[in-house]
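Following: one structure in structure tokens, then a few remarks.
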Amino acid sequence: MNFQNRFSRRSVLRSASSGFGYLALAGLLGKEAAAGVDLNPLLPKPPKFVAKAKRVIFIFMEGAMSGVDTIDYKAELQKNDGKTAPGGGKLVASKFGFKQYGESGTWFSELLPNIASHADKLCWLRGLHTDTPAHPQAVVQLHTGSANAALTRPSMGSWMLYGLGTENQDLPGYITINPSPNFGGAVNYGSAFLPAHFQGTKITDQGFLPNLKASAVAAQQRRQLDLIQSMNRDLSATPGAPDPVDGIIASYELGFRMQDKVPALLDISKEPESVKEAYGIKDGPDGAFARQCLMARRLSEAGVRFVEICQPGWDHHNNLHKGLIERTGNVDQATGALLADLHQRGLLDDTLVLFGSEFGRQPTAQGQDGRDHNITGYSMFMAGAGVKKGFTYGGTDELGIKAVEGQMHTNDLHATILALLGLNHEELTYRYAGRDFRLTDVAGKVATDIFA
């Protein structure tokens, strides 16, 4: 299957006539297109090759979590506390205790006992590296594949929705919960030059979705919408009509259907008390992350293709140790509960979970109680569909400064995630401004060693 410019009938026909792409949407382009029938660009599409992962939950720790204090134990760092690092700076051992968990013997600090209980389910990527130590660029690169702010690129979730469609036509295929306004903001879940129906839908941990309110008279609302849509379709058929019109038509229809489905789906109050207790659900800001995790499970179970949840506040240039206690206290229980819940429900068999930050932090001191950014070596973990359990790929040097084994650039991470979903990152392209674009740009190597 050729994924190039695969989105709508009008745009597909325009693409074909200009000689740079075509749509092969499970054999649907043919009589329907010739008859002028609009194709739904969000219908589920078969992957390029067989894959176990059908959807993704991305747990984003914004601000750069300190691995040497949480998930990346370094015995030599502990031994050499106070000494000078090879590149300069004073080495600072972690003040938190570490121990090994599971048959895999994975090291975790005392801050993450709940996640650690799943040690034998996790697949570690320990040789990650990226291009820029600045948060805005690095966060955008993690989400879109490019740190170039001059040209906004489609987000990772948008590319997945573009390539695979979505299983539930009454829900958005891509949802981001509590996205941070910092470090790129809406760029991190936008569709850029992809059609608008592939962008992420923003909701809050309270289940609030802006402008989603059912009319008291549904039949009247349907008639109003039909009139508006007929005018939109007339505009869409006009030569030279702007591409966003197709997205508007699709979004209006989706919005109408969502009025019945989404409020109930986002209402976690009816979950069993045992489930809410497992996640650590509570009122107020301290319960926000737990609510996100439970919503992510409900959305994934309902067929949403890509869900991102965000926990900001990891930028510990100072107040490192107290800050880590607070941050991990917010995320450890809920993340552990999410993994357990997905596993118990059988969802982990076809859901890929990704947990990590835009980069890591140095083993050296910054000020009295802080660590600076580290883009040359850091860790993330995956769990679930398609990856080996209790497995480690790559690693940093003995002090945690630089990736020395299994080096994995952000482009490689994206290529690997797409491959786990059955997509070839080199073929998932979109023609814009005279060239073919893709999530991995002109790079990207799939880390097949982690595949189950």
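The chains in the structure tokens are called A, B, ... from first to last as shown; in each chain the residues are counted from 1, and the ligands are counted from 1 in the order shown.
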
Residues flagged alpha helix (DSSP H) by DSSP in stretch 76-323 of chain A, as a ChimeraX atom specification: /A:76-79,113-116,135-144,156-164,218-236,244-266,273-279,288-301,320-323

Selection to disk with C-alpha atoms, as an mmCIF file, in the first residue's frame:
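Result file out.cif:
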data_model
loop_
_atom_site.group_PDB
_atom_site.id
_atom_site.type_symbol
_atom_site.label_atom_id
_atom_site.label_comp_id
_atom_site.auth_asym_id
_atom_site.auth_seq_id
_atom_site.Cartn_x
_atom_site.Cartn_y
_atom_site.Cartn_z
ATOM 1 C CA GLU A 76 30.185 4.005 39.543
ATOM 2 C CA LEU A 77 28.341 7.259 40.098
ATOM 3 C CA GLN A 78 27.499 6.183 43.613
ATOM 4 C CA LYS A 79 31.157 5.274 44.269
ATOM 5 C CA PRO A 113 7.948 0.924 43.669
ATOM 6 C CA ASN A 114 4.683 0.574 41.744
ATOM 7 C CA ILE A 115 6.242 0.865 38.308
ATOM 8 C CA ALA A 116 9.064 -1.391 39.528
ATOM 9 C CA HIS A 135 13.198 22.247 26.083
ATOM 10 C CA PRO A 136 11.021 23.921 23.420
ATOM 11 C CA GLN A 137 12.946 22.404 20.522
ATOM 12 C CA ALA A 138 13.474 18.997 22.142
ATOM 13 C CA VAL A 139 9.831 18.590 23.153
ATOM 14 C CA VAL A 140 8.667 19.545 19.675
ATOM 15 C CA GLN A 141 11.205 17.153 18.143
ATOM 16 C CA LEU A 142 9.996 14.300 20.323
ATOM 17 C CA HIS A 143 6.423 14.959 19.243
ATOM 18 C CA THR A 144 6.916 15.879 15.573
ATOM 19 C CA MET A 156 3.471 11.698 15.958
ATOM 20 C CA GLY A 157 -0.182 10.952 16.757
ATOM 21 C CA SER A 158 -1.321 12.708 13.578
ATOM 22 C CA TRP A 159 0.987 10.575 11.451
ATOM 23 C CA MET A 160 -0.401 7.424 13.106
ATOM 24 C CA LEU A 161 -3.976 8.510 12.510
ATOM 25 C CA TYR A 162 -3.114 9.404 8.910
ATOM 26 C CA GLY A 163 -1.559 5.988 8.348
ATOM 27 C CA LEU A 164 -4.051 3.787 10.174
ATOM 28 C CA ALA A 218 -31.337 16.737 18.496
ATOM 29 C CA ALA A 219 -33.522 16.530 15.368
ATOM 30 C CA GLN A 220 -33.405 20.287 14.894
ATOM 31 C CA GLN A 221 -29.662 20.317 15.431
ATOM 32 C CA ARG A 222 -29.302 17.574 12.815
ATOM 33 C CA ARG A 223 -31.271 19.615 10.274
ATOM 34 C CA GLN A 224 -29.145 22.690 10.975
ATOM 35 C CA LEU A 225 -25.986 20.654 10.535
ATOM 36 C CA ASP A 226 -27.229 19.119 7.287
ATOM 37 C CA LEU A 227 -27.780 22.597 5.861
ATOM 38 C CA ILE A 228 -24.313 23.776 6.908
ATOM 39 C CA GLN A 229 -22.707 20.602 5.551
ATOM 40 C CA SER A 230 -24.441 20.949 2.190
ATOM 41 C CA MET A 231 -22.915 24.421 1.855
ATOM 42 C CA ASN A 232 -19.541 23.108 2.982
ATOM 43 C CA ARG A 233 -19.654 20.362 0.362
ATOM 44 C CA ASP A 234 -20.563 22.838 -2.341
ATOM 45 C CA LEU A 235 -17.547 24.910 -1.315
ATOM 46 C CA SER A 236 -15.335 21.829 -1.202
ATOM 47 C CA PRO A 244 -9.329 22.736 5.532
ATOM 48 C CA VAL A 245 -12.911 22.552 4.260
ATOM 49 C CA ASP A 246 -12.684 18.759 4.104
ATOM 50 C CA GLY A 247 -11.459 18.708 7.685
ATOM 51 C CA ILE A 248 -14.279 20.994 8.812
ATOM 52 C CA ILE A 249 -16.894 18.737 7.228
ATOM 53 C CA ALA A 250 -15.456 15.685 8.966
ATOM 54 C CA SER A 251 -15.031 17.463 12.300
ATOM 55 C CA TYR A 252 -18.646 18.721 12.340
ATOM 56 C CA GLU A 253 -19.957 15.207 11.791
ATOM 57 C CA LEU A 254 -17.627 13.762 14.413
ATOM 58 C CA GLY A 255 -18.614 16.479 16.874
ATOM 59 C CA PHE A 256 -22.289 15.636 16.419
ATOM 60 C CA ARG A 257 -21.666 11.949 17.122
ATOM 61 C CA MET A 258 -19.360 12.696 20.049
ATOM 62 C CA GLN A 259 -22.137 14.477 21.976
ATOM 63 C CA ASP A 260 -23.659 11.112 22.882
ATOM 64 C CA LYS A 261 -20.508 9.056 23.336
ATOM 65 C CA VAL A 262 -17.759 11.193 24.846
ATOM 66 C CA PRO A 263 -19.305 12.559 28.067
ATOM 67 C CA ALA A 264 -20.143 9.058 29.299
ATOM 68 C CA LEU A 265 -16.740 7.724 28.283
ATOM 69 C CA LEU A 266 -14.889 10.462 30.162
ATOM 70 C CA GLU A 273 -14.150 1.884 43.893
ATOM 71 C CA SER A 274 -11.428 -0.771 43.767
ATOM 72 C CA VAL A 275 -10.268 0.572 40.403
ATOM 73 C CA LYS A 276 -10.281 4.195 41.561
ATOM 74 C CA GLU A 277 -8.341 3.224 44.680
ATOM 75 C CA ALA A 278 -5.779 1.321 42.606
ATOM 76 C CA TYR A 279 -5.109 4.396 40.455
ATOM 77 C CA ALA A 288 -4.900 14.992 37.947
ATOM 78 C CA PHE A 289 -2.372 12.467 36.683
ATOM 79 C CA ALA A 290 -4.301 9.514 38.121
ATOM 80 C CA ARG A 291 -7.449 10.732 36.365
ATOM 81 C CA GLN A 292 -5.494 11.008 33.118
ATOM 82 C CA CYS A 293 -4.272 7.428 33.399
ATOM 83 C CA LEU A 294 -7.733 6.014 34.043
ATOM 84 C CA MET A 295 -9.152 8.051 31.154
ATOM 85 C CA ALA A 296 -6.353 6.773 28.914
ATOM 86 C CA ARG A 297 -7.357 3.189 29.659
ATOM 87 C CA ARG A 298 -11.032 3.927 28.958
ATOM 88 C CA LEU A 299 -10.240 5.756 25.713
ATOM 89 C CA SER A 300 -7.893 3.026 24.492
ATOM 90 C CA GLU A 301 -10.425 0.349 25.341
ATOM 91 C CA LEU A 320 15.964 18.199 42.757
ATOM 92 C CA HIS A 321 15.408 15.838 45.638
ATOM 93 C CA LYS A 322 12.233 17.319 47.061
ATOM 94 C CA GLY A 323 10.950 17.864 43.523
#

Can you list every residue of stretch 52-169 of chain A that has an atom at most 12 Å from stretch 373-384 of chain A, with its nearest atom pair and the distance in Å to one decimal, using only C-alpha atoms, ordered by chain then number, as CSV?
residue,atom,partner,partner_atom,distance
A:Lys52,CA,A:Gly384,CA,9.2
A:Ala53,CA,A:Gly384,CA,8.0
A:Lys54,CA,A:Gly384,CA,10.6
A:Arg55,CA,A:Gly384,CA,10.3
A:Val56,CA,A:Gly384,CA,9.5
A:Ile57,CA,A:Ala383,CA,9.9
A:Phe58,CA,A:Met382,CA,9.3
A:Ile59,CA,A:Met382,CA,10.0
A:Phe60,CA,A:Met380,CA,10.1
A:Met61,CA,A:Met380,CA,10.2
A:Gly63,CA,A:His373,CA,9.3
A:Ala64,CA,A:His373,CA,7.3
A:Met65,CA,A:Tyr378,CA,9.4
A:Ser66,CA,A:Tyr378,CA,8.8
A:Gly67,CA,A:Tyr378,CA,6.8
A:Val68,CA,A:Tyr378,CA,9.0
A:Asp69,CA,A:Tyr378,CA,11.9
A:Thr70,CA,A:Ser379,CA,10.4
A:Ile71,CA,A:Ser379,CA,7.8
A:Asp72,CA,A:Ser379,CA,7.3
A:Tyr73,CA,A:Ser379,CA,11.1
A:Thr106,CA,A:Phe381,CA,11.7
A:Ile115,CA,A:Phe381,CA,10.7
A:Ala116,CA,A:Phe381,CA,11.6
A:His118,CA,A:Ala383,CA,9.4
A:Ala119,CA,A:Ala383,CA,9.8
A:Asp120,CA,A:Ala383,CA,9.6
A:Lys121,CA,A:Ala383,CA,6.1
A:Leu122,CA,A:Ala383,CA,4.9
A:Cys123,CA,A:Met382,CA,5.1
A:Trp124,CA,A:Phe381,CA,4.4
A:Leu125,CA,A:Met380,CA,5.3
A:Arg126,CA,A:Ser379,CA,4.3
A:Gly127,CA,A:Gly377,CA,5.7
A:Leu128,CA,A:Tyr378,CA,5.3
A:His129,CA,A:Thr376,CA,4.8
A:Thr130,CA,A:Ile375,CA,5.4
A:Asp131,CA,A:Ile375,CA,6.8
A:Thr132,CA,A:Ile375,CA,6.8
A:Pro133,CA,A:Ile375,CA,6.0
A:Ala134,CA,A:His373,CA,8.4
A:His135,CA,A:His373,CA,9.1
A:Gln137,CA,A:Ile375,CA,11.9
A:Ala138,CA,A:Ile375,CA,9.1
A:Val139,CA,A:Ile375,CA,11.9

Within 6 Å of stretch 150-155 of chain A using only C-alpha atoms, minus same-chain residues under 4 positions, as a ChimeraX atom specification: /A:143-144,188-192

Stretch 45-51 of chain A surroundings by only C-alpha atoms, 6 Å radius, close-in-sequence under 4 positions cut, as a PyMOL selection string: chain A and resi 164-165+420-423

With C-alpha atoms retained, write the just-selected residues as a PDB file, in the first residue's frame.
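Dumped to again16.pdb:
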ATOM      1  CA  LEU A 164      -4.051   3.787  10.174  1.00  0.00           C
ATOM      2  CA  GLY A 165      -7.315   5.662  10.645  1.00  0.00           C
ATOM      3  CA  LEU A 420       5.418  -1.771  15.858  1.00  0.00           C
ATOM      4  CA  LEU A 421       2.136  -0.447  14.459  1.00  0.00           C
ATOM      5  CA  GLY A 422       2.817  -2.074  11.110  1.00  0.00           C
ATOM      6  CA  LEU A 423       3.847   1.086   9.273  1.00  0.00           C
TER       7      LEU A 423
END

Residue neighbourhood A:Leu348, 7 Å, only C-alpha atoms, exclusion window fewer than 5 positions, as number ranges by chain: A: 342-343, 384-385

Contacts of A:Thr364 within 10 Å, only C-alpha atoms, excl. fewer than 2 positions in-chain, as a PyMOL selection string: chain A and resi 77+81-85+87-93+361-362+366-367+370-372+399-401
